[in-house]
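Asks: One structure coming up, written as structure tokens, with questions to follow.
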Amino acid sequence: MFTQVNLAQMGCQNKHTFSTQSRLSRVKYLLNSYYSRRINYYIFIYLMANTIIDIEFRIFGNNRNFNLDEIVKEITYFKGTSYYINEFCMTGQYNCPKNNFSKIAMSMRSTCDEVFLNCTWNDNREFDCCKHFVLTETELGICYTLTMENESPDSDDYINMYSNRDTGPSNLLIKLSSPSQVFIHSVVDVPYYNTISTDILPAMMGIFKQYKFVIKDIENEDEVKFVGITQRRCRFPLENELVVSSKY
């Protein structure tokens, strides 16, 4: 039985401010289940405001209409609406970026080292966050992914994140340099725009939070696969033709 946890940074922040603050955002996950399962962790990153301004100066210059700043933010931090793009780009009023959107977004997002401060598994195993969290693209933007799919048993710093009745509950302690959000969903999902709000847990600066949950897996009857996709309104993994990641 599997579960999956995602972390998402909550907004644009000043990296210079965070570097001088002594308060740390710490999130601890205590995972408790009666079944063997794989635990996956994600973090969805927003970049700090200073970097955004620097990039916008390079793209549009000093004497620019500041509506262009909002256009770049809509490209980088999609939140379901694109007012400025529709108002000024689609009408041809501004000469907006027409390509290299990924490059623009990547140049404005925090690097892994700017996000993570410390990672510990089961209270006694500290590990290099950025060596194990792998960059993953989702419709919410760039994420950093920690999953057993990316762990190699032959590696010297292999982390066994399987938990079951014999091993007991597992926990992951992550110290972050900015406010974040935690996404909880099934192992076959990645963060997406319509994630139910109750599946998103906030992690604020200066606050230590501990979340505990028990996994109750649901297994479909064999006959479900014979029901049409349009009727059951969901897909099995082998029916998914979208190619977003080599793992999902």
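Chains: A, B, ... in order of the structure tokens. Residues: from 1 per chain. Ligands: from 1, in order shown.
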I'd like the neighbourhood of Thr195 in chain A as a VMD selection string, where a residue qualifies if any of its atoms comes within 12 Å (using only C-alpha atoms), though same-chain residues fewer than 4 positions away should be ignored.
Replies: chain A and resid 6 139 to 140 181 to 186 189 to 191 199 to 201
Asks: Please dump the current selection as a PDB file, in the first residue's frame; keep C-alpha atoms.
Replies:
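File written: part16.pdb
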```
ATOM      1  CA  ASN A   6       4.386  16.787  -1.879  1.00  0.00           C
ATOM      2  CA  GLU A 139       1.562  21.593 -14.127  1.00  0.00           C
ATOM      3  CA  LEU A 140       2.175  23.624 -10.973  1.00  0.00           C
ATOM      4  CA  GLN A 181       2.800  23.554   1.281  1.00  0.00           C
ATOM      5  CA  VAL A 182       2.564  19.785   1.661  1.00  0.00           C
ATOM      6  CA  PHE A 183       0.566  17.807  -0.894  1.00  0.00           C
ATOM      7  CA  ILE A 184      -0.698  14.334   0.068  1.00  0.00           C
ATOM      8  CA  HIS A 185      -2.007  12.013  -2.630  1.00  0.00           C
ATOM      9  CA  SER A 186      -1.637   8.576  -4.161  1.00  0.00           C
ATOM     10  CA  ASP A 189      -0.223  11.241  -8.915  1.00  0.00           C
ATOM     11  CA  VAL A 190       1.883  14.378  -9.032  1.00  0.00           C
ATOM     12  CA  PRO A 191       0.869  17.854  -7.792  1.00  0.00           C
ATOM     13  CA  ASP A 199      -4.950  17.367   0.849  1.00  0.00           C
ATOM     14  CA  ILE A 200      -2.679  20.415   1.113  1.00  0.00           C
ATOM     15  CA  LEU A 201      -0.970  21.074   4.442  1.00  0.00           C
TER      16      LEU A 201
END
```
Asks: So which residues touch range 108-122 of chain A within 6 Å, counting only C-alpha atoms, skipping near sequence neighbours fewer than 4 positions away, as number ranges by chain?
Replies: A: 46-47, 52, 126-127, 129-130, 170-177
Asks: Only C-alpha atoms, please: the residues just picked out, written as a compact mmCIF listing (two decimals), in the first residue's frame.
Replies:
```txt
# COMPACT_ATOMS: atom_id res chain seq x y z
CA TYR A 46 8.50 29.37 -6.05
CA LEU A 47 11.40 31.77 -6.51
CA ILE A 52 12.27 37.96 -10.54
CA GLU A 126 20.71 12.77 7.83
CA PHE A 127 21.10 12.93 4.07
CA CYS A 129 18.52 16.78 0.34
CA CYS A 130 19.59 17.88 -3.12
CA SER A 170 8.54 6.12 9.57
CA ASN A 171 9.17 9.84 9.70
CA LEU A 172 10.85 12.48 7.60
CA LEU A 173 12.10 15.77 9.05
CA ILE A 174 12.70 18.55 6.55
CA LYS A 175 14.02 22.01 7.43
CA LEU A 176 13.17 24.59 4.78
CA SER A 177 14.20 28.19 4.20
```
Asks: Report as a VMD selection string: the residues of range 63-217 of chain A with a DSSP assignment of helix (DSSP H, G or I), based on the backbone of this structure.
Replies: chain A and resid 67 to 76 83 to 89 101 to 107 112 to 115 129 to 132 148 to 150 197 to 199
Asks: Could you check which of A:Pro179, A:Phe133, A:Tyr193, A:Lys225 is closest to Glu239 in chain A, using only C-alpha atoms?
Replies: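 When distances to Glu239 in chain A are compared using only C-alpha atoms, the smallest one comes from A:Lys225.
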Asks: Hey, what does DSSP flag as strand (DSSP E or B) within range 122-151 of chain A? Can you give it to me as number ranges by chain?
Replies: A: 125-127, 134-138, 141-146
Asks: Given the selection you just returned, output its residues as a file containing N, CA and C atoms, formatted as a tab-separated table (two decimals), in the first residue's frame.
Replies:
```tsv
chain	number	residue	atom	x	y	z
A	125	ARG	N	19.05	9.45	10.42
A	125	ARG	CA	19.74	9.35	9.14
A	125	ARG	C	19.65	10.68	8.40
A	126	GLU	N	20.66	11.53	8.59
A	126	GLU	CA	20.71	12.77	7.83
A	126	GLU	C	21.22	12.47	6.43
A	127	PHE	N	20.66	13.15	5.44
A	127	PHE	CA	21.10	12.93	4.07
A	127	PHE	C	21.09	14.24	3.29
A	134	VAL	N	14.92	14.86	-6.68
A	134	VAL	CA	15.15	14.98	-8.11
A	134	VAL	C	14.17	15.98	-8.72
A	135	LEU	N	14.67	16.86	-9.57
A	135	LEU	CA	13.82	17.85	-10.21
A	135	LEU	C	12.76	17.16	-11.08
A	136	THR	N	11.49	17.57	-10.90
A	136	THR	CA	10.37	17.00	-11.63
A	136	THR	C	9.46	18.13	-12.10
A	137	GLU	N	8.99	18.07	-13.33
A	137	GLU	CA	8.07	19.09	-13.85
A	137	GLU	C	6.63	18.65	-13.64
A	138	THR	N	5.81	19.56	-13.13
A	138	THR	CA	4.37	19.32	-12.98
A	138	THR	C	3.64	20.53	-13.54
A	141	GLY	N	4.44	23.60	-11.83
A	141	GLY	CA	5.80	24.11	-11.94
A	141	GLY	C	6.83	23.06	-11.57
A	142	ILE	N	8.04	23.52	-11.29
A	142	ILE	CA	9.15	22.64	-10.98
A	142	ILE	C	9.02	22.11	-9.55
A	143	CYS	N	9.19	20.81	-9.39
A	143	CYS	CA	9.16	20.17	-8.08
A	143	CYS	C	10.48	19.42	-7.87
A	144	TYR	N	10.78	19.15	-6.62
A	144	TYR	CA	11.91	18.29	-6.29
A	144	TYR	C	11.36	17.03	-5.64
A	145	THR	N	11.73	15.88	-6.18
A	145	THR	CA	11.08	14.62	-5.86
A	145	THR	C	12.00	13.67	-5.12
A	146	LEU	N	11.52	13.17	-4.00
A	146	LEU	CA	12.20	12.10	-3.27
A	146	LEU	C	11.32	10.87	-3.33
```
Asks: Just the residues within 12 Å of range 87-89 of chain A, please, counting only C-alpha atoms, with nothing from its chain fewer than 5 positions along; format it as a PDB file with N, CA and C atoms, in the first residue's frame.
Replies:
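Dumped everything to selection.pdb:
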```pdb
ATOM      1  N   ASN A  65       6.938  48.908 -19.019  1.00  0.00           N
ATOM      2  CA  ASN A  65       5.646  48.937 -18.359  1.00  0.00           C
ATOM      3  C   ASN A  65       5.607  47.790 -17.356  1.00  0.00           C
ATOM      4  N   PHE A  66       5.272  48.093 -16.129  1.00  0.00           N
ATOM      5  CA  PHE A  66       5.355  47.074 -15.088  1.00  0.00           C
ATOM      6  C   PHE A  66       4.263  46.012 -15.208  1.00  0.00           C
ATOM      7  N   ASN A  67       3.351  46.173 -16.152  1.00  0.00           N
ATOM      8  CA  ASN A  67       2.439  45.073 -16.454  1.00  0.00           C
ATOM      9  C   ASN A  67       3.212  43.869 -16.980  1.00  0.00           C
ATOM     10  N   LEU A  68       4.383  44.140 -17.589  1.00  0.00           N
ATOM     11  CA  LEU A  68       5.220  43.049 -18.077  1.00  0.00           C
ATOM     12  C   LEU A  68       5.716  42.181 -16.925  1.00  0.00           C
ATOM     13  N   ASP A  69       5.924  42.793 -15.748  1.00  0.00           N
ATOM     14  CA  ASP A  69       6.316  42.006 -14.578  1.00  0.00           C
ATOM     15  C   ASP A  69       5.245  40.978 -14.246  1.00  0.00           C
ATOM     16  N   GLU A  70       3.983  41.416 -14.322  1.00  0.00           N
ATOM     17  CA  GLU A  70       2.883  40.505 -14.012  1.00  0.00           C
ATOM     18  C   GLU A  70       2.774  39.399 -15.058  1.00  0.00           C
ATOM     19  N   ILE A  71       3.089  39.719 -16.297  1.00  0.00           N
ATOM     20  CA  ILE A  71       3.051  38.708 -17.359  1.00  0.00           C
ATOM     21  C   ILE A  71       4.075  37.619 -17.089  1.00  0.00           C
ATOM     22  N   VAL A  72       5.281  38.031 -16.704  1.00  0.00           N
ATOM     23  CA  VAL A  72       6.329  37.050 -16.401  1.00  0.00           C
ATOM     24  C   VAL A  72       5.938  36.203 -15.197  1.00  0.00           C
ATOM     25  N   GLU A  74       2.913  35.408 -14.317  1.00  0.00           N
ATOM     26  CA  GLU A  74       1.883  34.453 -14.740  1.00  0.00           C
ATOM     27  C   GLU A  74       2.491  33.278 -15.493  1.00  0.00           C
ATOM     28  N   ILE A  75       3.570  33.536 -16.235  1.00  0.00           N
ATOM     29  CA  ILE A  75       4.260  32.442 -16.925  1.00  0.00           C
ATOM     30  C   ILE A  75       4.948  31.531 -15.924  1.00  0.00           C
ATOM     31  N   THR A  81      -5.203  31.359 -13.582  1.00  0.00           N
ATOM     32  CA  THR A  81      -5.677  32.510 -14.342  1.00  0.00           C
ATOM     33  C   THR A  81      -4.497  33.166 -15.050  1.00  0.00           C
ATOM     34  N   SER A  82      -4.792  33.866 -16.130  1.00  0.00           N
ATOM     35  CA  SER A  82      -3.739  34.564 -16.880  1.00  0.00           C
ATOM     36  C   SER A  82      -4.303  35.874 -17.420  1.00  0.00           C
ATOM     37  N   TYR A  94       1.402  44.226 -26.265  1.00  0.00           N
ATOM     38  CA  TYR A  94       2.800  44.135 -25.860  1.00  0.00           C
ATOM     39  C   TYR A  94       3.501  43.062 -26.683  1.00  0.00           C
ATOM     40  N   ASN A  95       4.801  43.244 -26.830  1.00  0.00           N
ATOM     41  CA  ASN A  95       5.623  42.220 -27.469  1.00  0.00           C
ATOM     42  C   ASN A  95       6.074  41.235 -26.389  1.00  0.00           C
ATOM     43  N   CYS A  96       5.235  40.274 -26.082  1.00  0.00           N
ATOM     44  CA  CYS A  96       5.482  39.343 -24.977  1.00  0.00           C
ATOM     45  C   CYS A  96       6.355  38.180 -25.447  1.00  0.00           C
ATOM     46  N   PRO A  97       6.983  37.482 -24.501  1.00  0.00           N
ATOM     47  CA  PRO A  97       7.750  36.280 -24.859  1.00  0.00           C
ATOM     48  C   PRO A  97       6.858  35.273 -25.578  1.00  0.00           C
ATOM     49  N   LYS A  98       7.362  34.700 -26.656  1.00  0.00           N
ATOM     50  CA  LYS A  98       6.591  33.736 -27.440  1.00  0.00           C
ATOM     51  C   LYS A  98       7.202  32.343 -27.413  1.00  0.00           C
TER      52      LYS A  98
END
```
Asks: Hey, can you check how far CA of Met106 in chain A sits from CA of Tyr77 in chain A?
Replies: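 So the two atoms, CA of Met106 in chain A and CA of Tyr77 in chain A, lie 10.8 Å apart.
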Asks: Would you mind telling me which residue in A:Gly80, A:Asp123, A:Asn160, A:Asn220 lies nearest to Asn194 in chain A when using only C-alpha atoms?
Replies: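 Closest to Asn194 in chain A of all the choices is A:Gly80.
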Asks: Quote the spacing between CA of Tyr192 in chain A and CA of Pro237 in chain A in Å to one decimal place.
Replies: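 It comes out at 16.7 Å.
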Asks: For each of A:Ser178, A:Gln93, A:Gln231, A:Asn99, take the minimum atom-to-atom distance to Met205 in chain A, counting only C-alpha atoms, then give the residue where this is smallest.
Replies: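 Looking only at the distances to Met205 in chain A, the closest residue turns out to be A:Ser178.
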